[in-house]
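Data file: my_file-v1.pdb. Format and content: PDB, C-alpha atoms and all ligand atoms.
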ATOM      1  CA  MET B  25    -261.868 146.252  57.874  1.00  0.00           C
ATOM      2  CA  SER B  26    -259.950 144.855  60.781  1.00  0.00           C
ATOM      3  CA  GLU B  27    -256.224 144.444  60.488  1.00  0.00           C
ATOM      4  CA  VAL B  28    -255.033 140.888  60.937  1.00  0.00           C
ATOM      5  CA  LYS B  29    -251.442 140.758  62.031  1.00  0.00           C
ATOM      6  CA  ALA B  30    -249.457 137.930  60.524  1.00  0.00           C
ATOM      7  CA  PRO B  31    -246.340 136.804  62.350  1.00  0.00           C
ATOM      8  CA  VAL B  32    -243.070 137.284  60.495  1.00  0.00           C
ATOM      9  CA  ALA B  33    -241.094 135.154  62.931  1.00  0.00           C
ATOM     10  CA  GLU B  34    -242.138 132.778  65.683  1.00  0.00           C
ATOM     11  CA  GLY B  35    -240.404 130.764  68.305  1.00  0.00           C
ATOM     12  CA  GLY B  36    -240.627 129.196  71.701  1.00  0.00           C
ATOM     13  CA  CYS B  37    -238.974 127.207  74.420  1.00  0.00           C
ATOM     14  CA  GLN B  38    -237.711 123.655  74.342  1.00  0.00           C
ATOM     15  CA  CYS B  39    -240.776 122.098  76.036  1.00  0.00           C
ATOM     16  CA  GLY B  40    -243.278 124.103  74.000  1.00  0.00           C
ATOM     17  CA  ALA B  41    -245.046 125.722  76.971  1.00  0.00           C
ATOM     18  CA  ILE B  42    -244.015 129.237  75.924  1.00  0.00           C
ATOM     19  CA  ARG B  43    -244.422 130.673  72.424  1.00  0.00           C
ATOM     20  CA  TYR B  44    -243.848 134.119  70.997  1.00  0.00           C
ATOM     21  CA  ALA B  45    -244.224 135.975  67.712  1.00  0.00           C
ATOM     22  CA  PHE B  46    -242.783 138.995  65.943  1.00  0.00           C
ATOM     23  CA  TYR B  47    -245.014 140.924  63.564  1.00  0.00           C
ATOM     24  CA  ALA B  48    -242.167 142.743  61.826  1.00  0.00           C
ATOM     25  CA  PRO B  49    -238.863 141.529  60.392  1.00  0.00           C
ATOM     26  CA  LEU B  50    -236.176 140.764  62.961  1.00  0.00           C
ATOM     27  CA  GLU B  51    -233.563 143.478  63.457  1.00  0.00           C
ATOM     28  CA  ASN B  52    -229.969 143.683  64.639  1.00  0.00           C
ATOM     29  CA  ALA B  53    -229.277 139.965  64.875  1.00  0.00           C
ATOM     30  CA  HIS B  54    -226.065 139.671  66.872  1.00  0.00           C
ATOM     31  CA  ALA B  55    -223.837 137.649  69.118  1.00  0.00           C
ATOM     32  CA  CYS B  56    -223.136 139.018  72.582  1.00  0.00           C
ATOM     33  CA  HIS B  57    -220.020 137.739  74.317  1.00  0.00           C
ATOM     34  CA  CYS B  58    -220.548 139.694  77.556  1.00  0.00           C
ATOM     35  CA  ARG B  59    -220.321 137.824  80.850  1.00  0.00           C
ATOM     36  CA  MET B  60    -223.995 138.416  81.619  1.00  0.00           C
ATOM     37  CA  CYS B  61    -225.109 136.874  78.326  1.00  0.00           C
ATOM     38  CA  GLN B  62    -222.699 133.980  78.834  1.00  0.00           C
ATOM     39  CA  ARG B  63    -224.265 133.194  82.213  1.00  0.00           C
ATOM     40  CA  ALA B  64    -227.806 133.849  81.042  1.00  0.00           C
ATOM     41  CA  VAL B  65    -227.627 131.281  78.257  1.00  0.00           C
ATOM     42  CA  GLY B  66    -225.029 129.048  79.896  1.00  0.00           C
ATOM     43  CA  GLY B  67    -223.020 129.224  76.699  1.00  0.00           C
ATOM     44  CA  ALA B  68    -219.938 130.850  75.228  1.00  0.00           C
ATOM     45  CA  PHE B  69    -222.058 133.725  73.884  1.00  0.00           C
ATOM     46  CA  ALA B  70    -225.701 134.654  73.349  1.00  0.00           C
ATOM     47  CA  LEU B  71    -227.278 134.908  69.903  1.00  0.00           C
ATOM     48  CA  LEU B  72    -230.050 137.493  69.831  1.00  0.00           C
ATOM     49  CA  ALA B  73    -232.349 139.086  67.267  1.00  0.00           C
ATOM     50  CA  GLY B  74    -234.968 141.675  68.078  1.00  0.00           C
ATOM     51  CA  GLY B  75    -237.527 144.251  67.222  1.00  0.00           C
ATOM     52  CA  LYS B  76    -239.779 146.937  68.624  1.00  0.00           C
ATOM     53  CA  LYS B  77    -241.725 145.839  71.690  1.00  0.00           C
ATOM     54  CA  GLU B  78    -245.008 146.742  69.974  1.00  0.00           C
ATOM     55  CA  ASN B  79    -244.183 144.219  67.239  1.00  0.00           C
ATOM     56  CA  PHE B  80    -243.640 141.385  69.715  1.00  0.00           C
ATOM     57  CA  ALA B  81    -246.173 139.258  71.598  1.00  0.00           C
ATOM     58  CA  TRP B  82    -246.238 136.222  73.821  1.00  0.00           C
ATOM     59  CA  THR B  83    -248.648 133.824  72.111  1.00  0.00           C
ATOM     60  CA  LYS B  84    -248.658 130.856  74.511  1.00  0.00           C
ATOM     61  CA  GLY B  85    -247.935 130.327  78.177  1.00  0.00           C
ATOM     62  CA  GLU B  86    -246.429 132.677  80.694  1.00  0.00           C
ATOM     63  CA  ALA B  87    -242.712 133.285  80.682  1.00  0.00           C
ATOM     64  CA  ALA B  88    -240.793 133.859  83.899  1.00  0.00           C
ATOM     65  CA  PHE B  89    -238.499 136.869  84.151  1.00  0.00           C
ATOM     66  CA  TYR B  90    -235.111 137.357  85.743  1.00  0.00           C
ATOM     67  CA  GLU B  91    -234.067 140.940  86.392  1.00  0.00           C
ATOM     68  CA  SER B  92    -230.450 140.511  85.342  1.00  0.00           C
ATOM     69  CA  SER B  93    -229.700 144.142  86.153  1.00  0.00           C
ATOM     70  CA  ASN B  94    -231.520 147.244  87.345  1.00  0.00           C
ATOM     71  CA  VAL B  95    -232.297 148.152  83.730  1.00  0.00           C
ATOM     72  CA  ALA B  96    -233.029 144.846  81.986  1.00  0.00           C
ATOM     73  CA  LYS B  97    -235.019 141.639  82.214  1.00  0.00           C
ATOM     74  CA  ARG B  98    -234.513 138.227  80.703  1.00  0.00           C
ATOM     75  CA  ALA B  99    -237.419 135.854  80.076  1.00  0.00           C
ATOM     76  CA  TYR B 100    -237.150 132.098  80.328  1.00  0.00           C
ATOM     77  CA  CYS B 101    -239.420 129.076  80.578  1.00  0.00           C
ATOM     78  CA  ARG B 102    -239.870 128.039  84.186  1.00  0.00           C
ATOM     79  CA  ALA B 103    -240.645 124.461  83.093  1.00  0.00           C
ATOM     80  CA  CYS B 104    -237.685 123.743  80.811  1.00  0.00           C
ATOM     81  CA  GLY B 105    -235.318 126.648  81.466  1.00  0.00           C
ATOM     82  CA  THR B 106    -234.875 127.826  77.884  1.00  0.00           C
ATOM     83  CA  PRO B 107    -233.588 131.429  77.800  1.00  0.00           C
ATOM     84  CA  LEU B 108    -236.062 133.322  75.604  1.00  0.00           C
ATOM     85  CA  THR B 109    -235.654 137.081  75.619  1.00  0.00           C
ATOM     86  CA  PHE B 110    -233.499 139.982  76.695  1.00  0.00           C
ATOM     87  CA  ALA B 111    -234.772 143.551  76.894  1.00  0.00           C
ATOM     88  CA  TYR B 112    -233.816 146.809  78.511  1.00  0.00           C
ATOM     89  CA  ASP B 113    -236.773 148.279  80.403  1.00  0.00           C
ATOM     90  CA  MET B 114    -237.093 151.470  78.349  1.00  0.00           C
ATOM     91  CA  PRO B 115    -240.219 151.235  76.161  1.00  0.00           C
ATOM     92  CA  GLU B 116    -238.254 152.313  73.088  1.00  0.00           C
ATOM     93  CA  ALA B 117    -235.633 149.579  73.569  1.00  0.00           C
ATOM     94  CA  ARG B 118    -235.835 146.530  71.355  1.00  0.00           C
ATOM     95  CA  ILE B 119    -236.865 143.192  72.782  1.00  0.00           C
ATOM     96  CA  TYR B 120    -234.485 140.464  71.691  1.00  0.00           C
ATOM     97  CA  VAL B 121    -235.181 136.763  71.420  1.00  0.00           C
ATOM     98  CA  THR B 122    -232.574 134.043  71.525  1.00  0.00           C
ATOM     99  CA  ILE B 123    -231.903 133.039  67.924  1.00  0.00           C
ATOM    100  CA  GLY B 124    -231.794 129.379  68.935  1.00  0.00           C
ATOM    101  CA  SER B 125    -235.388 129.588  70.210  1.00  0.00           C
ATOM    102  CA  LEU B 126    -236.687 130.776  66.826  1.00  0.00           C
ATOM    103  CA  ASP B 127    -238.524 128.255  64.665  1.00  0.00           C
ATOM    104  CA  ALA B 128    -236.305 129.414  61.771  1.00  0.00           C
ATOM    105  CA  PRO B 129    -232.976 130.456  63.277  1.00  0.00           C
ATOM    106  CA  GLU B 130    -231.382 130.272  59.825  1.00  0.00           C
ATOM    107  CA  ALA B 131    -233.391 133.387  58.907  1.00  0.00           C
ATOM    108  CA  ALA B 132    -231.495 135.520  61.444  1.00  0.00           C
ATOM    109  CA  PRO B 133    -227.830 135.679  60.386  1.00  0.00           C
ATOM    110  CA  ILE B 134    -225.821 137.803  62.788  1.00  0.00           C
ATOM    111  CA  LEU B 135    -224.598 141.226  61.681  1.00  0.00           C
ATOM    112  CA  LYS B 136    -222.592 142.262  64.697  1.00  0.00           C
ATOM    113  CA  GLN B 137    -220.757 140.987  67.759  1.00  0.00           C
ATOM    114  CA  TYR B 138    -221.031 142.830  71.070  1.00  0.00           C
ATOM    115  CA  GLY B 139    -219.201 142.461  74.359  1.00  0.00           C
ATOM    116  CA  VAL B 140    -216.046 141.327  72.583  1.00  0.00           C
ATOM    117  CA  GLU B 141    -213.990 142.272  75.669  1.00  0.00           C
ATOM    118  CA  SER B 142    -215.322 139.022  77.196  1.00  0.00           C
ATOM    119  CA  ARG B 143    -215.072 136.930  74.076  1.00  0.00           C
ATOM    120  CA  LEU B 144    -213.468 133.636  74.986  1.00  0.00           C
ATOM    121  CA  PRO B 145    -210.033 133.334  73.420  1.00  0.00           C
ATOM    122  CA  TRP B 146    -210.816 129.949  71.887  1.00  0.00           C
ATOM    123  CA  VAL B 147    -214.058 131.055  70.261  1.00  0.00           C
ATOM    124  CA  GLN B 148    -213.535 131.109  66.505  1.00  0.00           C
ATOM    125  CA  PHE B 149    -216.843 132.288  65.264  1.00  0.00           C
ATOM    126  CA  CYS B 150    -218.104 134.405  62.366  1.00  0.00           C
ATOM    127  CA  GLU B 151    -214.682 136.012  62.035  1.00  0.00           C
ATOM    128  CA  SER B 152    -215.856 138.385  59.303  1.00  0.00           C
ATOM    129  CA  VAL B 153    -218.591 139.897  61.503  1.00  0.00           C
ATOM    130  CA  PRO B 154    -217.507 143.232  63.041  1.00  0.00           C
ATOM    131  CA  GLY B 155    -217.076 143.359  66.820  1.00  0.00           C
ATOM    132  CA  GLU B 156    -217.499 146.068  69.430  1.00  0.00           C
ATOM    133  CA  GLU B 157    -216.659 146.409  73.123  1.00  0.00           C
ATOM    134  CA  THR B 158    -219.517 147.063  75.568  1.00  0.00           C
ATOM    135  CA  GLY B 159    -220.306 150.775  75.663  1.00  0.00           C
ATOM    136  CA  ALA B 160    -217.839 151.575  72.901  1.00  0.00           C
ATOM    137  CA  ALA B 161    -220.473 152.718  70.408  1.00  0.00           C
ATOM    138  CA  SER B 162    -220.742 156.267  71.783  1.00  0.00           C
ATOM    139  CA  PRO B 163    -220.215 158.378  74.911  1.00  0.00           C
ATOM    140  CA  ASP B 164    -223.979 158.001  75.533  1.00  0.00           C
ATOM    141  CA  ALA B 165    -223.649 154.223  75.404  1.00  0.00           C
ATOM    142  CA  GLN B 166    -220.721 154.397  77.794  1.00  0.00           C
ATOM    143  CA  ALA B 167    -222.711 156.606  80.215  1.00  0.00           C
ATOM    144  CA  PHE B 168    -225.640 154.193  80.034  1.00  0.00           C
ATOM    145  CA  VAL B 169    -223.450 151.169  80.719  1.00  0.00           C
ATOM    146  CA  ALA B 170    -222.056 152.990  83.757  1.00  0.00           C
ATOM    147  CA  THR B 171    -225.611 153.124  85.253  1.00  0.00           C
ATOM    148  CA  ILE B 172    -226.086 149.358  85.085  1.00  0.00           C
ATOM    149  CA  LYS B 173    -226.066 147.549  88.426  1.00  0.00           C
ATOM    150  CA  SER B 174    -225.734 143.873  87.749  1.00  0.00           C
ATOM    151  CA  ASN B 175    -227.685 141.325  89.799  1.00  0.00           C
ATOM    152  CA  GLN B 176    -225.465 138.557  88.520  1.00  0.00           C
ATOM    153  CA  GLY B 177    -223.750 136.336  91.044  1.00  0.00           C
ATOM    154  CA  PRO B 178    -219.981 136.135  91.242  1.00  0.00           C
TER     155      PRO B 178
HETATM  156 ZN    ZN L   1    -240.408 125.294  78.213  1.00  0.00          ZN
HETATM  157 ZN    ZN L   2    -224.537 140.557  76.575  1.00  0.00          ZN
END

Same coordinates, now as structure tokens:
Amino acid sequence: MSEVKAPVAEGGCQCGAIRYAFYAPLENAHACHCRMCQRAVGGAFALLAGGKKENFAWTKGEAAFYESSNVAKRAYCRACGTPLTFAYDMPEARIYVTIGSLDAPEAAPILKQYGVESRLPWVQFCESVPGEETGAASPDAQAFVATIKSNQGP
């Protein structure tokens, strides 16, 4: 018997050229207020939900990738520009998709806010969701953040 994987969540870019699927429930849906996420999505914050890389697949088209730092890549559609994914390079790291690119974004309520040190002062948003500064989770997280060399412009 061959195993047929059924997608649990699907999404894609604005023009429809790029599509993706997750074959396991989305994890760690969050907002990230960090400056890199702000630039990457051109918004006040990024909304991301993810899962294990082995549970994710591109199902249509070929995304373009921007290496936003020496340890992470962000996928986008080269035709319409929709920001699609964020992932650290380590194989065990989750791949995150932008919640707004999901077909059912309402199914990914955020549980956490990251990068709150860059949260814009006028953003009033999910006030009951706990927040955390970048690298504040643990000394390991802080050490990891210290290794990141951003490729972001000024
Ligand atoms: Zn597109
Ligand atoms: Zn961020």

(request) Could you please extract the residues within 8 Å of ligand ZN 2 (chain L), counting only C-alpha atoms and all ligand atoms, and hand them back as a ChimeraX atom specification? (result) /B:56-62,69-70,138-139

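Using only C-alpha atoms and all ligand atoms, residues with at least one atom at most 7 Å away from any atom of ligand ZN 1 (chain L) are Cys37, Gln38, Cys39, Gly40, Ala41, Ile42, Cys101, Arg102, Ala103, Cys104, Gly105 and Thr106 of chain B.
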
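Nearest to Ala81 (chain B) of all the residues B:Pro133, B:Gly177, B:Gly36, B:Gly159 is B:Gly36, counting all atoms listed in the file.
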
(request) Using only C-alpha atoms, pick whichever of B:Glu116, B:Glu151, B:Asp127, B:Glu91 has the shortest atom-to-atom distance to Tyr44 (chain B). (result) B:Asp127

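Take CA of Lys29 (chain B) and CA of Ala96 (chain B): the distance between them is 27.5 Å.
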
List the residues selected by the PyMOL selection byres (((chain B and resi 124) around 10) and not hetatm) in the file shown, writing them as a PDB file with C-alpha atoms, in the frame of the given file.
ATOM      1  CA  GLY B  35    -240.404 130.764  68.305  1.00  0.00           C
ATOM      2  CA  GLY B  36    -240.627 129.196  71.701  1.00  0.00           C
ATOM      3  CA  CYS B  37    -238.974 127.207  74.420  1.00  0.00           C
ATOM      4  CA  GLN B  38    -237.711 123.655  74.342  1.00  0.00           C
ATOM      5  CA  ALA B  70    -225.701 134.654  73.349  1.00  0.00           C
ATOM      6  CA  LEU B  71    -227.278 134.908  69.903  1.00  0.00           C
ATOM      7  CA  LEU B  72    -230.050 137.493  69.831  1.00  0.00           C
ATOM      8  CA  ALA B  73    -232.349 139.086  67.267  1.00  0.00           C
ATOM      9  CA  THR B 106    -234.875 127.826  77.884  1.00  0.00           C
ATOM     10  CA  PRO B 107    -233.588 131.429  77.800  1.00  0.00           C
ATOM     11  CA  LEU B 108    -236.062 133.322  75.604  1.00  0.00           C
ATOM     12  CA  VAL B 121    -235.181 136.763  71.420  1.00  0.00           C
ATOM     13  CA  THR B 122    -232.574 134.043  71.525  1.00  0.00           C
ATOM     14  CA  ILE B 123    -231.903 133.039  67.924  1.00  0.00           C
ATOM     15  CA  SER B 125    -235.388 129.588  70.210  1.00  0.00           C
ATOM     16  CA  LEU B 126    -236.687 130.776  66.826  1.00  0.00           C
ATOM     17  CA  ASP B 127    -238.524 128.255  64.665  1.00  0.00           C
ATOM     18  CA  ALA B 128    -236.305 129.414  61.771  1.00  0.00           C
ATOM     19  CA  PRO B 129    -232.976 130.456  63.277  1.00  0.00           C
ATOM     20  CA  GLU B 130    -231.382 130.272  59.825  1.00  0.00           C
ATOM     21  CA  ALA B 132    -231.495 135.520  61.444  1.00  0.00           C
TER      22      ALA B 132
END

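Nearest residue to Lys97 (chain B) among B:Phe46, B:Trp82, B:Trp146, B:Tyr120 is B:Tyr120, counting all atoms listed in the file.
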
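Here CA of Glu51 (chain B) is placed at a distance of 26.8 Å from CA of Gln176 (chain B).
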